[in-house]
file protein13.txt (compact mmCIF, C-alpha atoms)
# COMPACT_ATOMS: atom_id res chain seq x y z
CA MET A 1 15.60 6.51 10.23
CA THR A 2 13.58 3.34 9.67
CA LYS A 3 11.09 3.60 6.84
CA ARG A 4 7.47 3.32 7.92
CA PHE A 5 4.76 1.73 5.80
CA LEU A 6 1.02 2.05 6.01
CA ILE A 7 -0.87 -1.12 5.08
CA VAL A 8 -4.52 -0.51 4.18
CA ASP A 9 -6.56 -3.69 3.66
CA ASP A 10 -9.98 -4.77 4.91
CA GLU A 11 -8.78 -8.38 5.31
CA GLU A 12 -7.12 -8.83 8.69
CA ARG A 13 -5.03 -11.85 7.64
CA ILE A 14 -3.60 -9.94 4.65
CA ARG A 15 -2.75 -6.96 6.90
CA GLU A 16 -1.04 -9.26 9.40
CA LEU A 17 0.87 -11.16 6.70
CA VAL A 18 2.13 -8.01 4.94
CA GLN A 19 2.98 -6.44 8.30
CA ALA A 20 4.96 -9.51 9.42
CA CYS A 21 6.86 -9.65 6.10
CA LEU A 22 7.75 -5.95 6.06
CA GLU A 23 8.80 -5.90 9.71
CA ASP A 24 10.56 -9.28 9.96
CA LEU A 25 12.12 -9.48 6.49
CA GLY A 26 12.48 -5.79 5.61
CA GLY A 27 13.20 -4.40 9.06
CA TRP A 28 10.67 -1.62 8.47
CA ASP A 29 8.05 -0.11 10.75
CA THR A 30 4.41 -0.56 9.80
CA LEU A 31 1.05 0.88 10.67
CA THR A 32 -2.17 -0.79 9.57
CA ALA A 33 -5.65 0.36 8.73
CA ALA A 34 -8.74 -1.79 8.17
CA SER A 35 -10.50 0.78 5.97
CA GLY A 36 -9.77 3.55 3.52
CA GLU A 37 -11.13 6.12 5.93
CA GLU A 38 -8.80 4.93 8.72
CA GLY A 39 -5.88 4.82 6.28
CA LEU A 40 -6.43 8.43 5.22
CA LYS A 41 -6.47 9.60 8.85
CA ILE A 42 -3.19 7.81 9.59
CA ALA A 43 -1.53 9.08 6.39
CA GLN A 44 -2.36 12.67 7.37
CA THR A 45 -0.98 12.41 10.89
CA GLU A 46 2.01 10.05 10.70
CA PRO A 47 5.23 10.21 8.66
CA ILE A 48 4.77 7.47 6.05
CA ALA A 49 7.40 6.32 3.51
CA ALA A 50 4.90 4.38 1.36
CA ILE A 51 1.38 2.96 1.41
CA LEU A 52 0.36 -0.56 0.42
CA LEU A 53 -3.28 -0.17 -0.53
CA ASP A 54 -5.89 -2.82 -1.23
CA VAL A 55 -8.08 -1.97 -4.23
CA SER A 56 -11.22 -3.96 -3.30
CA MET A 57 -12.57 -2.68 -0.01
CA PRO A 58 -16.13 -1.97 1.14
CA ASP A 59 -17.29 1.64 1.64
CA MET A 60 -14.25 3.30 0.08
CA ASP A 61 -12.19 1.37 -2.48
CA GLY A 62 -8.48 1.83 -3.09
CA PHE A 63 -9.04 4.20 -6.00
CA ALA A 64 -11.18 6.54 -3.88
CA VAL A 65 -8.52 6.46 -1.15
CA TYR A 66 -5.79 7.18 -3.71
CA GLU A 67 -7.73 10.14 -5.13
CA GLN A 68 -8.10 11.62 -1.65
CA LEU A 69 -4.40 11.08 -0.93
CA GLN A 70 -3.56 12.90 -4.17
CA ALA A 71 -5.92 15.77 -3.36
CA ASN A 72 -4.20 16.46 -0.02
CA SER A 73 -0.88 18.33 0.00
CA LEU A 74 0.17 16.42 3.16
CA THR A 75 -0.20 13.02 1.51
CA GLN A 76 0.16 13.49 -2.25
CA ALA A 77 3.91 12.78 -2.27
CA ILE A 78 3.57 9.40 -0.51
CA PRO A 79 4.17 6.55 -3.01
CA VAL A 80 1.26 4.12 -3.24
CA ILE A 81 1.57 0.44 -4.15
CA LEU A 82 -1.71 -1.29 -4.92
CA LEU A 83 -2.45 -4.76 -3.56
CA THR A 84 -4.96 -6.39 -5.84
CA ALA A 85 -6.08 -9.79 -7.05
CA LYS A 86 -7.32 -8.59 -10.43
CA VAL A 87 -4.83 -6.87 -12.74
CA GLN A 88 -5.06 -6.73 -16.50
CA ALA A 89 -2.48 -5.10 -18.75
CA SER A 90 -4.90 -2.21 -19.36
CA ASP A 91 -5.13 -1.69 -15.58
CA ARG A 92 -1.36 -1.39 -15.29
CA ALA A 93 -1.33 1.35 -17.93
CA ARG A 94 -4.13 3.18 -16.13
CA PHE A 95 -2.35 2.87 -12.77
CA ALA A 96 0.84 4.30 -14.29
CA GLN A 97 -1.11 7.25 -15.73
CA MET A 98 -2.65 7.84 -12.30
CA GLY A 99 0.82 8.03 -10.76
CA ILE A 100 0.54 4.82 -8.75
CA ALA A 101 4.04 3.59 -7.88
CA GLY A 102 3.34 -0.06 -8.63
CA VAL A 103 1.15 -3.11 -8.19
CA ILE A 104 1.64 -6.28 -6.16
CA THR A 105 -0.83 -8.96 -7.16
CA LYS A 106 -2.55 -11.22 -4.65
CA PRO A 107 -1.79 -13.88 -3.82
CA PHE A 108 1.79 -12.69 -3.42
CA GLU A 109 4.85 -14.60 -2.31
CA PRO A 110 5.41 -13.47 1.30
CA THR A 111 9.18 -13.96 1.17
CA SER A 112 9.55 -11.75 -1.91
CA ILE A 113 7.24 -8.86 -1.00
CA CYS A 114 10.08 -6.78 0.48
CA ASN A 115 12.08 -7.18 -2.74
CA GLU A 116 9.03 -6.22 -4.80
CA VAL A 117 8.48 -3.13 -2.65
CA THR A 118 12.10 -1.96 -2.86
CA LYS A 119 12.13 -2.55 -6.63
CA ILE A 120 8.87 -0.63 -7.16
CA LEU A 121 10.03 2.28 -5.00
CA GLY A 122 13.56 2.31 -6.43
CA TRP A 123 15.17 1.84 -3.02
CA ASP A 124 18.51 0.10 -3.04
CA ASP A 125 18.67 -1.02 0.54
call {"tool": "encode", "arguments": {"input": "protein13.txt", "output": "structure tokens"}}
result
Amino acid sequence: MTKRFLIVDDEERIRELVQACLEDLGGWDTLTAASGEEGLKIAQTEPIAAILLDVSMPDMDGFAVYEQLQANSLTQAIPVILLTAKVQASDRARFAQMGIAGVITKPFEPTSICNEVTKILGWDD
């Protein structure tokens, strides 16, 4: 079965770019959400292999979304990769403690995002 990703980012061009890379280069299915709220609804109703989650979003940031995913038995096992422009070493340690699968920093290299995702998730496709 093809792995399906959920891309949650408030920036449409980022959603479209990540979606194109994962579908065209990785051969994966994707769903997208423009807000944390929308992302949570999709994650609870669709089979998702992993979530690429923007940290800086209005209304509900990536951390709030992640906490809600973790609090729900339907979604707590889904690996989450953060998409963020601002990452310090201390953040990476905090993310690891929180159980976040990994971090992809923006701006990212579109041609390598699939490799980054498979490396973070430990998939040897």
call {"tool": "atom_distance", "arguments": {"input": "protein13.txt", "atom1": "atom CA of Ala43 of chain A", "atom2": "atom CA of Ala20 of chain A"}}
result
19.9 Å
call {"tool": "closest_atom_pairs", "arguments": {"input": "protein13.txt", "of": "segment 58-80 of chain A", "to": "segment 86-102 of chain A", "cutoff": "10 Å", "atoms": "all atoms listed in the file", "output": "Markdown table"}}
result
| residue | atom | partner | partner_atom | distance |
| --- | --- | --- | --- | --- |
| A:Phe63 | CA | A:Phe95 | CA | 9.6 |
| A:Tyr66 | CA | A:Ile100 | CA | 8.4 |
| A:Glu67 | CA | A:Met98 | CA | 9.1 |
| A:Gln70 | CA | A:Gly99 | CA | 9.3 |
| A:Ile78 | CA | A:Ala101 | CA | 9.4 |
| A:Pro79 | CA | A:Ala101 | CA | 5.7 |
| A:Val80 | CA | A:Ala101 | CA | 5.4 |
call {"tool": "write_last_selection", "arguments": {"input": "protein13.txt", "atoms": "C-alpha atoms", "output": "JSON list (two decimals), in the coordinates of the input"}}
result
[["chain", "number", "residue", "atom", "x", "y", "z"],
["A", 63, "PHE", "CA", -9.04, 4.20, -6.00],
["A", 66, "TYR", "CA", -5.79, 7.18, -3.71],
["A", 67, "GLU", "CA", -7.73, 10.14, -5.13],
["A", 70, "GLN", "CA", -3.56, 12.90, -4.17],
["A", 78, "ILE", "CA", 3.57, 9.40, -0.51],
["A", 79, "PRO", "CA", 4.17, 6.55, -3.01],
["A", 80, "VAL", "CA", 1.26, 4.12, -3.24]]
call {"tool": "atom_distance", "arguments": {"input": "protein13.txt", "atom1": "atom CA of Val103 of chain A", "atom2": "atom CA of Glu116 of chain A"}}
result
9.1 Å
call {"tool": "atom_distance", "arguments": {"input": "protein13.txt", "atom1": "atom CA of Ala64 of chain A", "atom2": "atom CA of Asn115 of chain A"}}
result
27.0 Å
call {"tool": "residues_around", "arguments": {"input": "protein13.txt", "residues": "Leu53 of chain A", "least_positions_apart": "4", "cutoff": "10 Å", "atoms": "only C-alpha atoms", "output": "VMD selection string"}}
result
chain A and resid 6 to 10 33 35 to 36 39 57 61 to 63 65 to 66 80 to 84 103 to 104
call {"tool": "closest_atom_pairs", "arguments": {"input": "protein13.txt", "of": "segment 29-80 of chain A", "to": "segment 12-17 of chain A", "cutoff": "10 Å", "atoms": "all atoms listed in the file", "output": "tab-separated table"}}
result
residue	atom	partner	partner_atom	distance
A:Leu31	CA	A:Arg15	CA	9.5
A:Thr32	CA	A:Arg15	CA	6.7
A:Ala33	CA	A:Arg15	CA	8.1
A:Ala34	CA	A:Glu12	CA	7.2
A:Leu52	CA	A:Arg15	CA	9.6
A:Asp54	CA	A:Ile14	CA	9.5
call {"tool": "decode", "arguments": {"input": "protein13.txt", "residues": "segment 109-120 of chain A", "atoms": "all heavy atoms", "output": "PDB file, in the first residue's frame"}}
result
ATOM      1  N   GLU A 109      15.672  21.799   0.577  1.00  0.00           N
ATOM      2  CA  GLU A 109      16.015  21.484  -0.811  1.00  0.00           C
ATOM      3  C   GLU A 109      14.931  20.536  -1.346  1.00  0.00           C
ATOM      4  O   GLU A 109      14.834  19.395  -0.899  1.00  0.00           O
ATOM      5  CB  GLU A 109      17.392  20.810  -0.845  1.00  0.00           C
ATOM      6  CG  GLU A 109      17.853  20.379  -2.220  1.00  0.00           C
ATOM      7  CD  GLU A 109      17.863  21.513  -3.230  1.00  0.00           C
ATOM      8  OE1 GLU A 109      18.461  22.567  -2.932  1.00  0.00           O
ATOM      9  OE2 GLU A 109      17.272  21.337  -4.307  1.00  0.00           O
ATOM     10  N   PRO A 110      14.067  21.006  -2.263  1.00  0.00           N
ATOM     11  CA  PRO A 110      12.949  20.185  -2.712  1.00  0.00           C
ATOM     12  C   PRO A 110      13.344  18.791  -3.187  1.00  0.00           C
ATOM     13  O   PRO A 110      12.660  17.815  -2.892  1.00  0.00           O
ATOM     14  CB  PRO A 110      12.337  20.999  -3.861  1.00  0.00           C
ATOM     15  CG  PRO A 110      12.701  22.406  -3.555  1.00  0.00           C
ATOM     16  CD  PRO A 110      14.059  22.334  -2.896  1.00  0.00           C
ATOM     17  N   THR A 111      14.472  18.683  -3.894  1.00  0.00           N
ATOM     18  CA  THR A 111      14.851  17.379  -4.431  1.00  0.00           C
ATOM     19  C   THR A 111      15.314  16.400  -3.361  1.00  0.00           C
ATOM     20  O   THR A 111      15.364  15.197  -3.605  1.00  0.00           O
ATOM     21  CB  THR A 111      15.971  17.527  -5.481  1.00  0.00           C
ATOM     22  OG1 THR A 111      17.063  18.224  -4.889  1.00  0.00           O
ATOM     23  CG2 THR A 111      15.480  18.286  -6.704  1.00  0.00           C
ATOM     24  N   SER A 112      15.657  16.897  -2.183  1.00  0.00           N
ATOM     25  CA  SER A 112      16.145  15.984  -1.145  1.00  0.00           C
ATOM     26  C   SER A 112      15.137  15.724  -0.034  1.00  0.00           C
ATOM     27  O   SER A 112      15.411  14.952   0.877  1.00  0.00           O
ATOM     28  CB  SER A 112      17.448  16.517  -0.550  1.00  0.00           C
ATOM     29  OG  SER A 112      17.195  17.693   0.193  1.00  0.00           O
ATOM     30  N   ILE A 113      13.957  16.334  -0.105  1.00  0.00           N
ATOM     31  CA  ILE A 113      13.006  16.188   1.007  1.00  0.00           C
ATOM     32  C   ILE A 113      12.555  14.737   1.184  1.00  0.00           C
ATOM     33  O   ILE A 113      12.408  14.262   2.307  1.00  0.00           O
ATOM     34  CB  ILE A 113      11.807  17.167   0.891  1.00  0.00           C
ATOM     35  CG1 ILE A 113      11.036  17.187   2.217  1.00  0.00           C
ATOM     36  CG2 ILE A 113      10.911  16.822  -0.278  1.00  0.00           C
ATOM     37  CD1 ILE A 113      10.075  18.341   2.362  1.00  0.00           C
ATOM     38  N   CYS A 114      12.394  14.005   0.091  1.00  0.00           N
ATOM     39  CA  CYS A 114      11.983  12.597   0.219  1.00  0.00           C
ATOM     40  C   CYS A 114      13.053  11.783   0.948  1.00  0.00           C
ATOM     41  O   CYS A 114      12.730  10.949   1.793  1.00  0.00           O
ATOM     42  CB  CYS A 114      11.695  11.984  -1.146  1.00  0.00           C
ATOM     43  SG  CYS A 114      10.224  12.668  -1.903  1.00  0.00           S
ATOM     44  N   ASN A 115      14.327  12.037   0.611  1.00  0.00           N
ATOM     45  CA  ASN A 115      15.411  11.342   1.303  1.00  0.00           C
ATOM     46  C   ASN A 115      15.441  11.698   2.777  1.00  0.00           C
ATOM     47  O   ASN A 115      15.663  10.835   3.631  1.00  0.00           O
ATOM     48  CB  ASN A 115      16.767  11.682   0.658  1.00  0.00           C
ATOM     49  CG  ASN A 115      16.897  11.103  -0.728  1.00  0.00           C
ATOM     50  OD1 ASN A 115      16.183  10.173  -1.095  1.00  0.00           O
ATOM     51  ND2 ASN A 115      17.788  11.661  -1.516  1.00  0.00           N
ATOM     52  N   GLU A 116      15.221  12.987   3.090  1.00  0.00           N
ATOM     53  CA  GLU A 116      15.204  13.406   4.493  1.00  0.00           C
ATOM     54  C   GLU A 116      14.083  12.693   5.250  1.00  0.00           C
ATOM     55  O   GLU A 116      14.273  12.217   6.360  1.00  0.00           O
ATOM     56  CB  GLU A 116      15.018  14.924   4.596  1.00  0.00           C
ATOM     57  CG  GLU A 116      16.253  15.713   4.236  1.00  0.00           C
ATOM     58  CD  GLU A 116      16.102  17.179   4.601  1.00  0.00           C
ATOM     59  OE1 GLU A 116      15.968  17.480   5.797  1.00  0.00           O
ATOM     60  OE2 GLU A 116      16.102  18.008   3.675  1.00  0.00           O
ATOM     61  N   VAL A 117      12.910  12.640   4.616  1.00  0.00           N
ATOM     62  CA  VAL A 117      11.751  11.999   5.245  1.00  0.00           C
ATOM     63  C   VAL A 117      12.021  10.512   5.501  1.00  0.00           C
ATOM     64  O   VAL A 117      11.790  10.015   6.610  1.00  0.00           O
ATOM     65  CB  VAL A 117      10.480  12.191   4.378  1.00  0.00           C
ATOM     66  CG1 VAL A 117       9.357  11.283   4.825  1.00  0.00           C
ATOM     67  CG2 VAL A 117      10.035  13.654   4.421  1.00  0.00           C
ATOM     68  N   THR A 118      12.534   9.805   4.498  1.00  0.00           N
ATOM     69  CA  THR A 118      12.774   8.369   4.691  1.00  0.00           C
ATOM     70  C   THR A 118      13.851   8.132   5.744  1.00  0.00           C
ATOM     71  O   THR A 118      13.759   7.185   6.521  1.00  0.00           O
ATOM     72  CB  THR A 118      13.173   7.660   3.371  1.00  0.00           C
ATOM     73  OG1 THR A 118      14.240   8.361   2.763  1.00  0.00           O
ATOM     74  CG2 THR A 118      12.010   7.551   2.421  1.00  0.00           C
ATOM     75  N   LYS A 119      14.862   9.020   5.796  1.00  0.00           N
ATOM     76  CA  LYS A 119      15.914   8.874   6.801  1.00  0.00           C
ATOM     77  C   LYS A 119      15.347   9.111   8.210  1.00  0.00           C
ATOM     78  O   LYS A 119      15.587   8.322   9.126  1.00  0.00           O
ATOM     79  CB  LYS A 119      17.042   9.892   6.503  1.00  0.00           C
ATOM     80  CG  LYS A 119      18.361   9.504   7.144  1.00  0.00           C
ATOM     81  CD  LYS A 119      19.505  10.284   6.516  1.00  0.00           C
ATOM     82  CE  LYS A 119      19.764  11.514   7.360  1.00  0.00           C
ATOM     83  NZ  LYS A 119      20.764  12.409   6.799  1.00  0.00           N
ATOM     84  N   ILE A 120      14.566  10.175   8.365  1.00  0.00           N
ATOM     85  CA  ILE A 120      13.977  10.487   9.670  1.00  0.00           C
ATOM     86  C   ILE A 120      13.083   9.343  10.153  1.00  0.00           C
ATOM     87  O   ILE A 120      13.099   8.966  11.316  1.00  0.00           O
ATOM     88  CB  ILE A 120      13.177  11.821   9.601  1.00  0.00           C
ATOM     89  CG1 ILE A 120      14.140  13.003   9.485  1.00  0.00           C
ATOM     90  CG2 ILE A 120      12.258  11.969  10.812  1.00  0.00           C
ATOM     91  CD1 ILE A 120      13.459  14.322   9.138  1.00  0.00           C
TER      92      ILE A 120
END
